[in-house]
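Participant: Got a structure for you, questions after.
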Amino acid sequence: MKTTLSLASLLAGSLSLASPAIAQAVNADTLPGSPVFDTENTRPAIDFAGVQRTLGGEPTQVLILGTKHLNNLPEAAFDPAHLSLLLDALEEFAPDVIALESIGGRTCYQMRGFAELHDGAADRYCTDPQPALNALGISQPEAALAVEMTLDTWPDAPSPAERRHLAALFYGAGEPWSAALQWAQLDEAEQIAADGVDDALLVRLERLQESRNENQLIGVELGQRLGLTELATMDDHTADYIYTRSPDTLGPAIQSVWSTEHPLEAEYAAMEPGFLGSPDAVLDGYRFLNSAAYQRFTIEKDFGAAAASGRDDAVTRQYLAWWQTRGLRMAANVVEAAGNQPGARVLVIVGSSHKAYFEAYLDQMHDFELVSLDSVLDD
């Protein structure tokens, strides 16, 4: 008997990842790509899940916010003002570190240096720092070093000139969202071309302020509310190197996996419009995207199905290898971003298909404690 999950049952207040009702529904059926695992041969000698019992200080708390990529939503259907309840709840969580699904400047610099091995991925996923570098008259590594030196002596109440200059340095270092955060904390009258910002860079900073990307609408907005100095970038596409060695059969095989209909696919697609139109609807949408039921659906439709497929000598497992490599490097970037703030609160804003993997990977850290999104949204 096929299990179906109604909108009411998913949003009736029992969406905690530990909810027995959801757990029972999720485990009722299995598909070839279901995230159900058997232990073969040797188990790890040490189970790292949870927080080390004897820990110096408080654990680092990490909240994973799985999201749609908001810039892909039709403007007529999605009003950024409807993020208000979500933003209020996240502001109450008060993260010390906000990590975005954006590639950091150092990684982009590496990818440009090995452009042919990465199939030009830097051109697709990285912001060109050159407008800021032209204005500053320095190189990207020099801009990155200047950022570190500036932050070492950053005042509690920086002047507009200091914010403008730091924005230019961040952009030149390949960290445009941190530049956007500094720019957002300026009064409109102070958002001018000066102190390392020329007219060309001014246009790009203004363009970031107008972005409908969740990095701007959630990350920058929340960072501004909390008075943060920078935003961490944790995406990775160096794993795309796997694609450069994959055979031509990979593309058609993956398309075959994606085209296989999931039993809940039509029902979930029909639910999506109901998650737009008001702050309450958007909040319900985030509860759904981050639920165990939706996370399992994503795995069964995509990565688990790729793992299960034996087509063309299991070529789709090369796609799975790319996904897992990328996710592990992204998770490592989150650990690095919080590394100098033991006991910090960390918010990770990432595409919803990453959420289950991030939670599994980060739960293996000695001192990371996972925070339930439901507990934050329901406070």
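If you're wondering about the labels, chains in the structure tokens are A, B, ... by order shown, residues count from 1 in each chain, ligands from 1 in order shown.
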Could you write out, as a VMD selection string, all the residues of region 83-324 of chain A that DSSP marks as strand (DSSP E)?
Facilitator: chain A and resid 97 to 103 232 to 235
Participant: Next, the residues of the selection above should be written as a short mmCIF file (atom, residue, chain, number, x, y, z; two decimals), in the first residue's frame with C-alpha atoms.
Facilitator:
data_model
loop_
_atom_site.label_atom_id
_atom_site.label_comp_id
_atom_site.auth_asym_id
_atom_site.auth_seq_id
_atom_site.Cartn_x
_atom_site.Cartn_y
_atom_site.Cartn_z
CA VAL A 97 28.16 33.14 11.76
CA ILE A 98 26.03 33.07 8.62
CA ALA A 99 27.29 30.74 5.90
CA LEU A 100 26.02 31.08 2.33
CA GLU A 101 25.92 28.78 -0.69
CA SER A 102 28.44 30.89 -2.53
CA ILE A 103 32.01 30.03 -3.49
CA ALA A 232 30.96 33.16 5.33
CA THR A 233 30.98 31.52 1.91
CA MET A 234 30.99 27.73 1.88
CA ASP A 235 29.97 26.45 -1.56
#
Participant: Could you please write out, as an MDAnalysis selection string, every residue of region 232-294 of chain A that DSSP assigns to helix (DSSP H, G or I)?
Facilitator: chainID A and resid 238:244 250:259 265:275 279:289 292:294
Participant: Kindly assemble as a Markdown table a list of the region 85-164 of chain A residues that lie within 7 Å of region 172-191 of chain A, each paired with its nearest atom pair and their distance in Å to one decimal, using only C-alpha atoms, sorted first by chain and then by ascending residue number.
Facilitator:
| residue | atom | partner | partner_atom | distance |
| --- | --- | --- | --- | --- |
| A:Gly104 | CA | A:Glu175 | CA | 6.2 |
| A:Gly105 | CA | A:Gly174 | CA | 3.9 |
| A:Thr127 | CA | A:Gly174 | CA | 6.7 |
| A:Pro129 | CA | A:Gly172 | CA | 4.7 |
| A:Gln130 | CA | A:Gly172 | CA | 6.7 |
| A:Ala132 | CA | A:Gly172 | CA | 4.8 |
| A:Leu133 | CA | A:Gly172 | CA | 5.2 |
| A:Gln140 | CA | A:Ala173 | CA | 5.1 |
| A:Pro141 | CA | A:Ala173 | CA | 6.8 |
| A:Ala143 | CA | A:Ala173 | CA | 5.0 |
| A:Ala144 | CA | A:Ala173 | CA | 4.6 |
| A:Pro160 | CA | A:Leu186 | CA | 6.4 |
| A:Arg163 | CA | A:Gln182 | CA | 5.8 |
| A:Arg164 | CA | A:Trp183 | CA | 6.8 |
Participant: Limited to C-alpha atoms, could you put the picked residues into a file as a CSV table (one decimal), in the first residue's frame?
Facilitator:
chain,number,residue,atom,x,y,z
A,104,GLY,CA,34.7,31.8,-1.5
A,105,GLY,CA,37.3,34.0,-3.0
A,127,THR,CA,31.9,36.8,-9.2
A,129,PRO,CA,36.6,40.6,-8.6
A,130,GLN,CA,38.4,42.7,-11.2
A,132,ALA,CA,37.2,46.2,-7.4
A,133,LEU,CA,40.9,45.3,-8.1
A,140,GLN,CA,43.1,39.5,-5.3
A,141,PRO,CA,45.6,37.9,-2.8
A,143,ALA,CA,42.9,42.3,-1.3
A,144,ALA,CA,42.3,39.2,0.8
A,160,PRO,CA,31.1,55.4,6.3
A,163,ARG,CA,32.7,50.7,5.4
A,164,ARG,CA,33.1,51.7,1.8
Participant: Compile the contact shell of region 66-75 of chain A as a list of chain:residue names: residues with an atom at most 6 Å away, counting only C-alpha atoms, same-chain residues fewer than 3 positions apart removed.
Facilitator: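 In the requested form, the answer reads A:Phe78, A:Arg212, A:Asn213, A:Glu214, A:Asn290, A:Val350, A:Gly351, A:Ser352, A:Lys355.
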Participant: Store the residues of this selection in a file with N, CA and C atoms, as a PDB file, in the first residue's frame.
Facilitator:
ATOM      1  N   PHE A  78       6.343  35.539  -5.945  1.00  0.00           N
ATOM      2  CA  PHE A  78       7.080  35.634  -4.689  1.00  0.00           C
ATOM      3  C   PHE A  78       7.402  37.075  -4.351  1.00  0.00           C
ATOM      4  N   ARG A 212      17.513  39.080  -5.901  1.00  0.00           N
ATOM      5  CA  ARG A 212      16.455  38.293  -5.262  1.00  0.00           C
ATOM      6  C   ARG A 212      16.995  36.936  -4.802  1.00  0.00           C
ATOM      7  N   ASN A 213      18.305  36.791  -4.807  1.00  0.00           N
ATOM      8  CA  ASN A 213      18.947  35.584  -4.310  1.00  0.00           C
ATOM      9  C   ASN A 213      18.787  35.508  -2.794  1.00  0.00           C
ATOM     10  N   GLU A 214      18.661  34.303  -2.243  1.00  0.00           N
ATOM     11  CA  GLU A 214      18.526  34.151  -0.789  1.00  0.00           C
ATOM     12  C   GLU A 214      19.753  34.653  -0.038  1.00  0.00           C
ATOM     13  N   ASN A 290      12.250  21.628   4.917  1.00  0.00           N
ATOM     14  CA  ASN A 290      13.215  21.139   5.892  1.00  0.00           C
ATOM     15  C   ASN A 290      12.730  19.918   6.664  1.00  0.00           C
ATOM     16  N   VAL A 350      21.309  27.125   2.599  1.00  0.00           N
ATOM     17  CA  VAL A 350      21.770  26.259   1.519  1.00  0.00           C
ATOM     18  C   VAL A 350      20.564  25.661   0.792  1.00  0.00           C
ATOM     19  N   GLY A 351      20.740  25.315  -0.459  1.00  0.00           N
ATOM     20  CA  GLY A 351      19.689  24.646  -1.204  1.00  0.00           C
ATOM     21  C   GLY A 351      19.177  23.432  -0.443  1.00  0.00           C
ATOM     22  N   SER A 352      17.863  23.233  -0.435  1.00  0.00           N
ATOM     23  CA  SER A 352      17.264  22.236   0.451  1.00  0.00           C
ATOM     24  C   SER A 352      17.780  20.817   0.210  1.00  0.00           C
ATOM     25  N   LYS A 355      20.471  19.729   2.726  1.00  0.00           N
ATOM     26  CA  LYS A 355      20.241  19.751   4.169  1.00  0.00           C
ATOM     27  C   LYS A 355      20.546  18.430   4.867  1.00  0.00           C
TER      28      LYS A 355
END
Participant: At what distance in Å, to one decimal, does CA of Gln255 (chain A) lie from CA of Ala270 (chain A)?
Facilitator: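 According to the coordinates, CA of Ala270 (chain A) and CA of Gln255 (chain A) are separated by 22.4 Å.
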Participant: Just the residues within 8 Å of region 365-373 of chain A, please, counting only C-alpha atoms, with nothing from its chain fewer than 2 positions along; format it as a PyMOL selection string.
Facilitator: chain A and resi 16-17+48-52+55+59-65+287+290+359+361-363+375-377
Participant: Which polymer residues have any atom within 12 Å of an atom of Phe37 (chain A), counting only C-alpha atoms, with same-chain residues fewer than 4 positions away left out, as an MDAnalysis selection string?
Facilitator: chainID A and resid 30 32:33 304 307:308
Participant: Go through A:Thr229, A:Thr39, A:Thr54, A:Gln209 one by one, measure the shortest atom-to-atom distance of each to Phe170 (chain A) using only C-alpha atoms, and give the residue with the smallest value.
Facilitator: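 The closest residue to Phe170 (chain A) is A:Thr229.
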